[in-house]
Number of protein chains: 2
Amino acid sequence: MTPMSTRIGIVGYGNLGRGVEHAIDQNPDMELVAVFTRRDPGQLSLVHSGVPVYSVDSVADHRGSIDVMVLCGGSKGDLPEQGPELAALFNTVDSFDTHAEIPNYFAALNAASGANGHLALISTGWDPGLFSLSRVIGESVIPSGSTHSFWGKGVSQGHSAALRKVEGVAGAIQYTVPSQEAIDAARAGQALGQSAADMHLRECYVVLEEGADAARVEHDIVTMPHYFDEYKTVVNFISAEELAANHAGLPHGGFVVRSGTSAAGDDLMLEFSLKLDSNPAFTACVMVACARAVHRLSERGEAGARTIFDIPPALLSPKSAEELRAQLL
Amino acid sequence: MTPMSTRIGIVGYGNLGRGVEHAIDQNPDMELVAVFTRRDPGQLSLVHSGVPVYSVDSVADHRGSIDVMVLCGGSKGDLPEQGPELAALFNTVDSFDTHAEIPNYFAALNAASGANGHLALISTGWDPGLFSLSRVIGESVIPSGSTHSFWGKGVSQGHSAALRKVEGVAGAIQYTVPSQEAIDAARAGQALGQSAADMHLRECYVVLEEGADAARVEHDIVTMPHYFDEYKTVVNFISAEELAANHAGLPHGGFVVRSGTSAAGDDLMLEFSLKLDSNPAFTACVMVACARAVHRLSERGEAGARTIFDIPPALLSPKSAEELRAQLL
């Protein structure tokens with residue numbers, strides 16, 4: 001069986017969009033055919049693929065030449081509006097990650113894609129995405145137990161941006177660090193009922209503007225509602241040179257632990273973990289594998305919104321079902 | 001939505017069959033309705049469920065009252081014959097694990113189940129099963145990299161049985177132990193091209209029969225073809241009392257490591273691990289979750305053979321799609 005080729009479009013060309021461009025290079029059955037941007041297309045130089053760049057306003061002209069559109073915009077500003085619009089025109093994959101809004105977002109994309117015969121896979125990547133999958137599998141195969149998700153050590157782009165908005169901050173980065181005590185408790189099956197704030201601490205590296213008051217900046221950070229006030233937060237002041245030299249990457253990772261007992265009292269533990277030099281590069285890799293599955297399901301006539309929970313895993317792989325059974329089962 | 005109830009039958013009442021019986025207790029949407037045995041049904045006392053026990057010869061009489069039959073026989077003696085016979089009569093789930101025979105076994109069950117409108121999920125549990133799933137996901141999301149599977153530390157029932165057949169052995173157990181050096185290399189993304197024999201050692205605890213020659217027994221073990229000759233094998237002689245006191249359980253576990261790089265050169269690593277007090281108890285838990293999925297897919301009209309690669313993960317869970325999206329995505 002010759003693998004079906006999938007023609008991909010990218011909407012949004014930030015870290016994630018560039019990651020998708022790179023990821024397609026590692027998947028010979030995928031082809032990048034166009035990038036769409038809200039910026040001036042003439043100003044956008046692609047990293048290496050040389051495909052045409054268009055204004056996102058012209059996206060409807062490309063119906064029929066793109067099998068799956070990979071939406072690389074943000075969950076706050078871009079996807080709530082772009083998602084339904086693009087799902088009405090194309091099969092889509094996105095990484096929508098505002099957890100509380102997922103039911104509404106799913107409903108909006110289900111309506112837009114279903115009415116137009118397209119398939120929309122929402123909220124994929126690693127969390128939501130592979131971590132979510134591990135939570136479902138963990139709960140299903142160990143029904144009596146507890147699940148804990150840990151993030152880090154890694155850079156939170158949202159928290160880093162929040163730091164940069166504090167008056168007197170010239171540059172900053174924030175690492176989320178899981179608490180070793182909480183990890184040990186989760187693995188031992190001790191359901192401590194921890195909140196995310198109990199299970200993680202927030203490590204900040206901050207460059208002050210000249211003349212800024214370090215004590216006031218630190219106070220503004222550790223008391224910032226939602227972002228830092230509920231967490232154990234450590235603020236380290238560093239130089240601009242050190243920030244550039246040692247904190248330029250976007251590493252991340254973490255793990256999902258499901259631990260419990262069988263009905264006969266046997267302890268059972270399942271763990272899924274990731275260690276990533278680049279968060280957006282890996283999120284992009286997952287989205288590209290998901291785009292393959294979306295194309296296949298769409299070819300079978302499926303339409304409407306889906307999540308990673310609905311995807312038969314074989315469809316993520318370029319290998320045939322026969323190859324998967326012979327080589328990987 | 002009221003969850004659909006699934007009526008389960010068990011064929012084969014050894015460690016795995018008892019594990020399935022227990023696992024059903026933890027899944028309120030599942031009901032055990034019958035156990036089938038090749039032994040005299042009157043001699044079989046069930047652990048706790050009190051359901052009727054029948055001879056496997058009468059299994060055809062139970063068509064219509066069992067939604068999914070969970071096959072708990074062995075891959076060598078039982079399943080090659082029982083699998084196709086039972087898949088012609090019922091939806092089935094099994095843990096067939098003779099890797100080289102999987103393509104033939106799949107074809108036989110596909111023919112038998114498909115021709116009779118049933119669904120047959122083969123080769124599930126943890127390996128083959130959840131480990132296989134991790135290998136497919138790992139390869140799909142990190143296309144450029146290497147995959148290593150480690151088993152243990154845990155009891156290999158097949159190798160323990162092989163030890164017990166050696167002349168002069170009164171009792172024995174074998175633990176498979178992954179090599180720490182190989183684990184470190186796999187996590188570091190060093191593709192050493194190791195074989196399973198390079199990556200694991202075999203730790204044997206042996207009770208000698210009175211008057212047996214320890215040196216000859218040890219020699220017979222470490223030179224045994226296929227089982228031990230290619231492995232680093234350690235033989236420890238212990239007393240019958242010590243074997244009973246310290247080696248009565250069937251713990252197991254292990255992990256799948258996928259490590260590689262993005263097209264931009266970022267290191268990426270994914271790991272799935274299990275730590276199990278009881279291997280058959282956990283295999284049974286996975287089979288029961290799979291039985292739920294089989295029943296649902298069969299109700300949709302699907303027929304033929306499947307593997308875990310073909311199962312949308314949401315179907316493993318008793319929760320509705322809405323609940324999964326709201327709680328676990």
# chains A, B, ... in the order shown; residues from 1 in each chain; ligands from 1
call {"tool": "interface_residues", "arguments": {"of": "chain A", "to": "chain B", "cutoff": "7 Å", "atoms": "only C-alpha atoms", "output": "PyMOL selection string"}}
result
chain A and resi 22-23+25-26+103+128+132+135-136+140-144+262-264+266-278+281+285-286+289+309-314+316-317+325-326+328-329
call {"tool": "residues_around", "arguments": {"residues": "Ile66 in chain A", "least_positions_apart": "2", "cutoff": "10 Å", "atoms": "only C-alpha atoms", "output": "mmCIF file with N, CA and C atoms, in the first residue's frame"}}
result
data_model
loop_
_atom_site.group_PDB
_atom_site.id
_atom_site.type_symbol
_atom_site.label_atom_id
_atom_site.label_comp_id
_atom_site.auth_asym_id
_atom_site.auth_seq_id
_atom_site.Cartn_x
_atom_site.Cartn_y
_atom_site.Cartn_z
ATOM 1 N N THR A 6 -0.478 13.759 2.248
ATOM 2 C CA THR A 6 -1.335 14.760 2.886
ATOM 3 C C THR A 6 -0.777 16.157 2.640
ATOM 4 N N ARG A 7 -1.604 17.017 2.044
ATOM 5 C CA ARG A 7 -1.191 18.400 1.770
ATOM 6 C C ARG A 7 -1.597 19.291 2.944
ATOM 7 N N ILE A 8 -0.602 19.947 3.527
ATOM 8 C CA ILE A 8 -0.796 20.700 4.767
ATOM 9 C C ILE A 8 -0.702 22.203 4.513
ATOM 10 N N GLY A 9 -1.579 22.954 5.145
ATOM 11 C CA GLY A 9 -1.441 24.403 5.248
ATOM 12 C C GLY A 9 -1.215 24.771 6.703
ATOM 13 N N ILE A 10 -0.462 25.841 6.929
ATOM 14 C CA ILE A 10 -0.210 26.337 8.286
ATOM 15 C C ILE A 10 -0.853 27.714 8.401
ATOM 16 N N GLU A 31 3.128 17.004 2.902
ATOM 17 C CA GLU A 31 3.686 18.062 2.054
ATOM 18 C C GLU A 31 3.130 19.404 2.523
ATOM 19 N N LEU A 32 4.025 20.355 2.787
ATOM 20 C CA LEU A 32 3.570 21.706 3.146
ATOM 21 C C LEU A 32 3.310 22.470 1.854
ATOM 22 N N VAL A 33 2.087 22.977 1.691
ATOM 23 C CA VAL A 33 1.769 23.666 0.436
ATOM 24 C C VAL A 33 1.586 25.172 0.603
ATOM 25 N N ALA A 34 1.286 25.654 1.792
ATOM 26 C CA ALA A 34 1.097 27.102 1.958
ATOM 27 C C ALA A 34 1.138 27.480 3.434
ATOM 28 N N HIS A 62 -8.094 28.795 -1.195
ATOM 29 C CA HIS A 62 -7.246 27.593 -1.249
ATOM 30 C C HIS A 62 -8.008 26.303 -0.947
ATOM 31 N N ARG A 63 -9.334 26.422 -0.876
ATOM 32 C CA ARG A 63 -10.122 25.193 -0.698
ATOM 33 C C ARG A 63 -9.853 24.253 -1.863
ATOM 34 N N GLY A 64 -9.728 22.994 -1.550
ATOM 35 C CA GLY A 64 -9.485 22.005 -2.610
ATOM 36 C C GLY A 64 -8.022 21.696 -2.824
ATOM 37 N N VAL A 68 -5.391 19.299 5.077
ATOM 38 C CA VAL A 68 -5.563 19.620 6.501
ATOM 39 C C VAL A 68 -4.872 20.946 6.800
ATOM 40 N N MET A 69 -5.592 21.834 7.465
ATOM 41 C CA MET A 69 -5.025 23.106 7.888
ATOM 42 C C MET A 69 -4.601 22.955 9.355
ATOM 43 N N PHE A 90 -12.046 23.959 5.899
ATOM 44 C CA PHE A 90 -11.001 22.929 5.781
ATOM 45 C C PHE A 90 -11.146 21.902 6.908
ATOM 46 N N ASN A 91 -10.493 20.746 6.727
ATOM 47 C CA ASN A 91 -10.181 19.906 7.880
ATOM 48 C C ASN A 91 -9.141 20.657 8.706
#
call {"tool": "atom_distance", "arguments": {"atom1": "CA of Met4 in chain A", "atom2": "CA of Ala120 in chain A"}}
result
19.1 Å
call {"tool": "residues_around", "arguments": {"residues": "Ser55 in chain A", "least_positions_apart": "4", "cutoff": "9 Å", "atoms": "only C-alpha atoms", "output": "list in words"}}
result
Val35, Phe36, Thr37, Arg38, Arg39, Asp40, Pro41 and Val59 of chain A
call {"tool": "closest_residue", "arguments": {"among": "A:Ser49, A:Val169, A:Ala182, A:Trp126", "to": "Val217 in chain A", "atoms": "only C-alpha atoms"}}
result
A:Val169
